[in-house]
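Asker: Have a look at the structure that comes next, please.
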2 protein chains.
Amino acid sequence: MLFAQIGLSLPAWIHQEIDSSATYPDDETRVALAITLARRNVELRTGGPFGAAVFNGDGQLVAVGVNRVVPQSCSVAHAEMMAFMSAQARLRRFRLNETGSRHILATSAQPCAMCYGASFWAGIDELLIGARAEDVMELSGFDEGPLPADWIGELERRGIRVRRDILRQTAREVFHLYRDSDGSHY
Amino acid sequence: MLFAQIGLSLPAWIHQEIDSSATYPDDETRVALAITLARRNVELRTGGPFGAAVFNGDGQLVAVGVNRVVPQSCSVAHAEMMAFMSAQARLRRFRLNETGSRHILATSAQPCAMCYGASFWAGIDELLIGARAEDVMELSGFDEGPLPADWIGELERRGIRVRRDILRQTAREVFHLYRDSDGSHY
């Protein structure tokens with residue numbers, strides 16, 4: 001019997017821990033939220049050490065995501081993918097910025113090959129990144145997969161501004177925390 | 001209010017039209033099923049012109065996927081992603097081949113940048129492809145996004161065999177059909 005329904009969820013703690021009515025005015029506060037999501041996901045044992053959030057151009061929070069690969073048996077359930085899908089479900093459109101409003105993804109760590117590809121289709125105007133891929137590999141053992149040689153240029157040529165190394169040291173600490181826990185490498 | 005639930009579904013016709021108990025013994029029958037899914041998705045107006053299917057090493061069908069981007073307002077809902085997520089939900093594991101059993105993805109057209117990245121994490125041993133990326137762009141206008149220069153080598157070095165141009169002409173016909181309909185380019 002073929003399965004025809006896919007259900008994914010974020011942990012219930014996001015409703016208690018995230019202030020969805022706050023404004024996140026700059027790149028640092030946006031990435032800080034993504035890092036907080038990553039850290040709480042490790043501490044509360046609800047998934048891997050990654051967090052992401054979607055904001056609109058006014059700095060209002062649209063959606064959040066955390067890694068849910070292991071608890072939901074789904075290799076697609078990376079933090080960035082969960083944030084994109086949640087944002088699109090909330091706004092009821094498959095391209096977040098199709099109405100002309102700017103949208104921003106902030107992520108605690110450089111997107112893997114899948115999340116990188118997804119960033120072209122989700123309708124974002126900016127990609128804000130905390131830790132680098134080498135931090136992820138060095139500190140957690142996760143494989144990030146192959147990217148085009150000029151991966152930032154490919155995004156920027158399609159109108160997606162990229163800024164990285166935002167709160168990089170704070171972002172790296174989540175991988176230390178994860179390594180010191182008994183987290184599995186999904 | 002943040003959304004914490006994501007629900008995606010395949011069209012109900014898959015249960016009527018797909019023989020889930022059949023065996024698909026070779027690369028051609030597997031890609032043929034993916035192309036049939038793509039064609040019926042266009043004809044029945046349930047999404048974009050793309051289909052995919054996951055098989056185990058015995059040629060048994062594990063899961064199918066069709067493009068559901070527009071009807072479900074989700075940029076992630078490409079055929080390959082739907083097939084991966086459905087297969088993982090059915091087998092209740094995030095890496096399909098973690099038990100040592102071979103798994104194969106057949107897709108009607110070359111994976112886009114996102115689906116390409118997802119192929120590294122889903123737990124497949126073979127990737128079977130119908131149409132080429134240039135067929136997709138030429139005939140339907142869809143953008144496939146940037147890939148690493150040696151995208152096939154990157155897969156094969158990680159143990160994923162790639163074979164393409166399987167029933168390429170039949171696969172191309174789906175894009176003719178789509179172009180002649182009024183399908184939107186999500």
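Every chain in the structure tokens has a letter given in the order shown (A, B, ...), and although residue numbers restart at 1 in each chain, ligands are simply numbered from 1 in the order shown.
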Near region 140-154 of chain A, counting only C-alpha atoms, which residues have an atom at most 8 Å away, once you skip same-chain residues fewer than 2 positions from it, shown as a VMD selection string?
Answerer: (chain A and resid 111 to 113 116 133 135 to 138 156 to 158 162 175 to 176 178 to 179 185) or (chain B and resid 117 120 146 to 149 154)
Asker: Within 6 Å of region 166-172 of chain A, counting only C-alpha atoms, which residues show up once you throw out same-chain ones fewer than 5 positions away? Write them as a PyMOL selection string, please.
Answerer: chain A and resi 35+108+130-131
Asker: Output as a Markdown table one row per residue of chain B within 8 Å of chain A: the closest atom pair and its distance in Å to one decimal place, counting only C-alpha atoms, sorted by chain and residue number ascending.
Answerer:
| residue | atom | partner | partner_atom | distance |
| --- | --- | --- | --- | --- |
| B:Met1 | CA | A:Ser20 | CA | 6.4 |
| B:Leu2 | CA | A:Ala63 | CA | 5.8 |
| B:Phe3 | CA | A:Ser86 | CA | 5.8 |
| B:Ala4 | CA | A:Leu10 | CA | 4.9 |
| B:Gln5 | CA | A:Ser9 | CA | 4.5 |
| B:Ile6 | CA | A:Leu8 | CA | 5.1 |
| B:Gly7 | CA | A:Gly7 | CA | 4.7 |
| B:Leu8 | CA | A:Ile6 | CA | 5.1 |
| B:Ser9 | CA | A:Gln5 | CA | 4.5 |
| B:Leu10 | CA | A:Ala4 | CA | 4.9 |
| B:Pro11 | CA | A:Ala4 | CA | 7.3 |
| B:Ala12 | CA | A:Ala4 | CA | 7.6 |
| B:His15 | CA | A:Leu2 | CA | 7.3 |
| B:Ser20 | CA | A:Met1 | CA | 6.4 |
| B:Val62 | CA | A:Leu2 | CA | 7.0 |
| B:Ala63 | CA | A:Leu2 | CA | 5.8 |
| B:Val64 | CA | A:Leu2 | CA | 7.4 |
| B:Val69 | CA | A:Phe94 | CA | 6.6 |
| B:Val70 | CA | A:Phe94 | CA | 6.7 |
| B:Gln72 | CA | A:Phe94 | CA | 7.8 |
| B:Ser73 | CA | A:Phe94 | CA | 4.2 |
| B:Cys74 | CA | A:Phe94 | CA | 4.5 |
| B:Ser75 | CA | A:Phe94 | CA | 5.0 |
| B:Val76 | CA | A:Ala118 | CA | 6.8 |
| B:Met81 | CA | A:Val76 | CA | 7.5 |
| B:Met85 | CA | A:Cys74 | CA | 6.1 |
| B:Ser86 | CA | A:Phe3 | CA | 5.8 |
| B:Ala87 | CA | A:Phe3 | CA | 7.6 |
| B:Gln88 | CA | A:Cys74 | CA | 6.0 |
| B:Ala89 | CA | A:Ser73 | CA | 6.6 |
| B:Arg90 | CA | A:Phe3 | CA | 6.4 |
| B:Arg92 | CA | A:Ser73 | CA | 5.7 |
| B:Arg93 | CA | A:Ser73 | CA | 4.7 |
| B:Phe94 | CA | A:Ser73 | CA | 4.2 |
| B:Arg95 | CA | A:Ser75 | CA | 6.8 |
| B:Cys112 | CA | A:Gly117 | CA | 7.6 |
| B:Ala113 | CA | A:Gly117 | CA | 4.5 |
| B:Met114 | CA | A:Gly117 | CA | 3.8 |
| B:Cys115 | CA | A:Met114 | CA | 6.6 |
| B:Tyr116 | CA | A:Met114 | CA | 6.9 |
| B:Gly117 | CA | A:Met114 | CA | 3.8 |
| B:Ala118 | CA | A:Met114 | CA | 4.9 |
| B:Phe120 | CA | A:Gly145 | CA | 7.2 |
| B:Trp121 | CA | A:Ser75 | CA | 5.9 |
| B:Ala122 | CA | A:Ser75 | CA | 5.6 |
| B:Gly145 | CA | A:Gly117 | CA | 7.0 |
| B:Pro146 | CA | A:Pro148 | CA | 6.6 |
| B:Leu147 | CA | A:Pro148 | CA | 5.5 |
| B:Pro148 | CA | A:Pro148 | CA | 4.0 |
| B:Ala149 | CA | A:Pro148 | CA | 6.7 |
| B:Glu154 | CA | A:Pro146 | CA | 7.0 |
| B:Tyr186 | CA | A:Phe94 | CA | 7.9 |
Asker: Taking only region 109-173 of chain A into account, list the residues labelled helix (DSSP H, G or I) by DSSP (computed from the backbone), as an MDAnalysis selection string.
Answerer: chainID A and resid 113:121 133:140 151:156 168:173
Asker: From the options A:Leu139, A:Ala79, A:Val54, A:Leu33, which residue's atoms come nearest to Glu17 (chain A), counting only C-alpha atoms?
Answerer: A:Leu33
Asker: DSSP on the backbone: which residues in chain A end up as strand (DSSP E or B)? Give the answer as a VMD selection string.
Answerer: chain A and resid 5 to 9 23 51 to 56 60 to 66 103 to 109 126 to 131 161 to 163
Asker: For the residues in the current selection, export N, CA and C atoms as a compact mmCIF listing (two decimals), in the first residue's frame.
Answerer:
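Listing of out07.txt after writing:
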# COMPACT_ATOMS: atom_id res chain seq x y z
N GLN A 5 0.28 10.39 2.34
CA GLN A 5 0.25 11.52 3.26
C GLN A 5 1.60 11.65 3.96
N ILE A 6 2.08 12.86 4.03
CA ILE A 6 3.32 13.14 4.76
C ILE A 6 3.02 14.19 5.82
N GLY A 7 3.35 13.88 7.04
CA GLY A 7 3.13 14.83 8.12
C GLY A 7 4.43 15.10 8.85
N LEU A 8 4.77 16.37 8.99
CA LEU A 8 5.97 16.77 9.73
C LEU A 8 5.56 17.81 10.77
N SER A 9 6.25 17.83 11.88
CA SER A 9 5.90 18.82 12.90
C SER A 9 7.15 19.38 13.56
N THR A 23 9.99 41.86 17.20
CA THR A 23 10.60 42.29 15.94
C THR A 23 12.10 42.01 16.01
N GLY A 51 19.12 25.22 13.54
CA GLY A 51 17.90 26.02 13.62
C GLY A 51 17.87 27.04 12.50
N ALA A 52 16.68 27.48 12.15
CA ALA A 52 16.51 28.47 11.07
C ALA A 52 15.23 29.24 11.31
N ALA A 53 15.14 30.42 10.71
CA ALA A 53 13.93 31.22 10.85
C ALA A 53 13.74 32.09 9.62
N VAL A 54 12.48 32.31 9.28
CA VAL A 54 12.12 33.18 8.15
C VAL A 54 11.52 34.47 8.70
N PHE A 55 11.99 35.60 8.19
CA PHE A 55 11.49 36.92 8.57
C PHE A 55 11.01 37.65 7.33
N ASN A 56 10.09 38.60 7.54
CA ASN A 56 9.78 39.48 6.42
C ASN A 56 10.66 40.73 6.49
N GLN A 60 9.64 41.03 11.05
CA GLN A 60 8.66 40.21 11.77
C GLN A 60 8.93 38.74 11.49
N LEU A 61 8.76 37.93 12.52
CA LEU A 61 9.01 36.49 12.39
C LEU A 61 7.84 35.83 11.66
N VAL A 62 8.16 35.11 10.59
CA VAL A 62 7.13 34.42 9.82
C VAL A 62 7.05 32.94 10.20
N ALA A 63 8.21 32.32 10.37
CA ALA A 63 8.24 30.88 10.65
C ALA A 63 9.58 30.50 11.23
N VAL A 64 9.61 29.39 11.95
CA VAL A 64 10.87 28.85 12.45
C VAL A 64 11.01 27.39 11.99
N GLY A 65 12.23 26.88 12.10
CA GLY A 65 12.49 25.48 11.79
C GLY A 65 13.61 24.96 12.66
N VAL A 66 13.52 23.69 13.03
CA VAL A 66 14.65 22.99 13.65
C VAL A 66 14.80 21.65 12.95
N HIS A 103 11.78 38.69 1.87
CA HIS A 103 11.85 37.66 2.90
C HIS A 103 13.29 37.22 3.10
N ILE A 104 13.58 36.84 4.33
CA ILE A 104 14.95 36.55 4.74
C ILE A 104 14.98 35.20 5.45
N LEU A 105 15.95 34.37 5.10
CA LEU A 105 16.19 33.17 5.90
C LEU A 105 17.46 33.38 6.72
N ALA A 106 17.33 33.16 8.02
CA ALA A 106 18.51 33.14 8.90
C ALA A 106 18.71 31.70 9.34
N THR A 107 19.96 31.23 9.27
CA THR A 107 20.22 29.84 9.64
C THR A 107 21.46 29.76 10.52
N SER A 108 21.42 28.83 11.46
CA SER A 108 22.51 28.74 12.43
C SER A 108 23.80 28.25 11.79
N ALA A 109 23.72 27.60 10.65
CA ALA A 109 24.91 27.06 9.98
C ALA A 109 24.70 27.04 8.48
N GLU A 126 17.31 37.26 1.05
CA GLU A 126 18.55 37.29 1.81
C GLU A 126 18.74 35.97 2.53
N LEU A 127 20.01 35.57 2.62
CA LEU A 127 20.38 34.36 3.35
C LEU A 127 21.45 34.76 4.36
N LEU A 128 21.12 34.62 5.63
CA LEU A 128 22.03 35.00 6.72
C LEU A 128 22.51 33.74 7.42
N ILE A 129 23.84 33.59 7.55
CA ILE A 129 24.43 32.33 7.99
C ILE A 129 25.32 32.54 9.21
N GLY A 130 25.19 31.65 10.19
CA GLY A 130 26.07 31.67 11.37
C GLY A 130 27.36 30.90 11.11
N ALA A 131 27.38 29.63 11.51
CA ALA A 131 28.60 28.82 11.38
C ALA A 131 28.89 28.47 9.92
N ARG A 161 20.88 37.95 -1.60
CA ARG A 161 22.06 38.47 -0.90
C ARG A 161 22.51 37.44 0.14
N VAL A 162 23.81 37.22 0.26
CA VAL A 162 24.33 36.26 1.23
C VAL A 162 25.26 36.99 2.20
N ARG A 163 25.05 36.76 3.49
CA ARG A 163 26.02 37.26 4.48
C ARG A 163 26.30 36.12 5.45
